[in-house]
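**Student:** Input: one structure, supplied below.
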Amino acid sequence: MGCFERGDSRIHFEITGRGDPVLLLPGFTDSIAAHDVLRSHLADRFRVIAADLPGSGLSGPQPRHYSRHYYDEDAALFAEFLAEHTDRPAHLVG
Amino acid sequence: MMAVLQTPVARSVFAWGSAGAVSDPDGKLVTSFRTVVYDPVPGFGDYRDYLVAYYGEAVARATTQSFADAMHAIVADGGDICRDRADRITCPVCLLVGEADIFVTKPMIDALAARIANSEAMEVPGAGHSIHEDQRDWFTAKLLDWLARN
């Protein structure tokens with residue numbers, strides 16, 4: 001379990017398993033806790049980096065302000081987040 | 001979106017209930033989120049209960065209303081999120097949509113897939129927006145197979 005912070009954003013994440021990296025992102029208002037079974041299946045063969053979207057699950061801020069371009073902002077944020085946790089391209093799942 | 005803007009980080013993409021664009025011709029999508037906490041539209045009652053139980057009413061209300069505002073702005077701009085830039089994606093992409101998804105349709109994921117060189121798009125019977133819950137065993141097998149092949 002960990003926390004990645006940039007500016008007002010806070011990403012709650014958990015890493016399980018070994019192998020090629022998989023970034024698992026639940027959807028809006030969902031949380032990684034709801035994907036425990038799927039994560040356990042993946043963790044047999046992959047290094048699963050599961051993270052809540054900013055404003056969802058245990059990630060902040062809450063409540064979050066969603067801008068017109070929040071998808072772009074989140075993509076840049078998660079690219080920075082991934083760079084801290086793997087030096088290889090990851091499978092993006094979500 | 002990450003595969004569009006941050007191409008080097010993506011080895012493959014496996015996405016469901018997502019089309020890189022928002023379609024809301026009758027305003028139902030935006031309304032569904034804007035009112036979900038205090039006056040949920042039919043079919044959103046369970047989602048409302050989940051939101052309030054998990055986040056508390058005040059946070060749930062502020063979150064969904066801000067999200068609705070963003071969706072409204074995106075729709076007003078034509079609905080594109082990343083579909084118009086999807087031809088930048090170089091990694092393999094698998095797009096799934098549940099046959100009963102109320103937000104995304106098969107033609108929408110087909111339109112996204114058509115812009116991606118190495119892609120496949122599939123409609124999943126017996127599933128709504130949350131394919132991972134509605135067809136749990138099938139979904140897990142499909143994902144593991146995708147990861148093994150890519």
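Ordering of the structure tokens sets the chain letters (A, B, ...); residue numbers start at 1 within each chain; ligands are numbered from 1 in the order shown.
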Would you give me, as a list of chain:residue names, the residues of chain B that come within 8 Å of chain A, using only C-alpha atoms?
**Tutor:**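 Matching residues, ligands excluded from the count: B:Met1, B:Met2, B:Leu5, B:Gln6, B:Pro8, B:Val9, B:Ala10, B:Arg11, B:Ser12, B:Val13, B:Phe14, B:Ala15, B:Trp16, B:Leu51, B:Val59, B:Ala60, B:Ala62, B:Thr63, B:Ser66, B:Phe67, B:Asp69, B:Ala70, B:Met71, B:Ala73, B:Ile74, B:Ile81, B:Thr140, B:Leu144, B:Leu147.
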**Student:** Near B:Val75, within 9 Å and counting only C-alpha atoms, which residues show up once chain neighbours fewer than 2 positions away are dropped, as a list in words?
**Tutor:**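 Residues meeting the cut-off are Ala21, Val22, Ser23, Asp24, Pro25, Ala70, Met71, His72, Ala73, Asp77, Gly78, Gly79 and Asp80 of chain B.
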**Student:** Separation of atom CA of B:Leu112 and atom CA of B:Arg83, in Å?
**Tutor:** 5.6 Å
**Student:** Just list the residues in stretch 26-148 of chain B DSSP gives helix (DSSP H, G or I) on the backbone, as a PyMOL selection string.
**Tutor:** chain B and resi 28-34+45-55+57-76+83-88+106-113+131-134+136-148
**Student:** So which residues touch B:Ala68 within 8 Å, counting only C-alpha atoms, skipping near sequence neighbours fewer than 5 positions away, as a PyMOL selection string?
**Tutor:** chain B and resi 30-31+33-34
**Student:** List every residue of chain A that DSSP, applied to the backbone, labels as strand (DSSP E), and write the result as a list in words.
**Tutor:**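 Output for chain A, strand (DSSP E) only: Gly2, Cys3, Phe4, Glu5, Arg6, Ser9, Arg10, Ile11, His12, Phe13, Glu14, Ile15, Thr16, Asp20, Pro21, Val22, Leu23, Leu24, Phe46, Arg47, Val48, Ile49, Ala50, Ala51, Ala90, His91, Leu92 and Val93 of chain A.
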**Student:** Could you tell me which of B:Ala117, B:Cys82, B:Val36, B:Ala127 comes closest to B:Leu96 if we count only C-alpha atoms?
**Tutor:**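 Looking only at the distances to B:Leu96, the closest residue turns out to be B:Ala127.
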**Student:** What's the 8 Å shell around B:Ala113, counting only C-alpha atoms, without same-chain residues fewer than 6 positions away, as a ChimeraX atom specification?
**Tutor:** /B:93,95,119-121
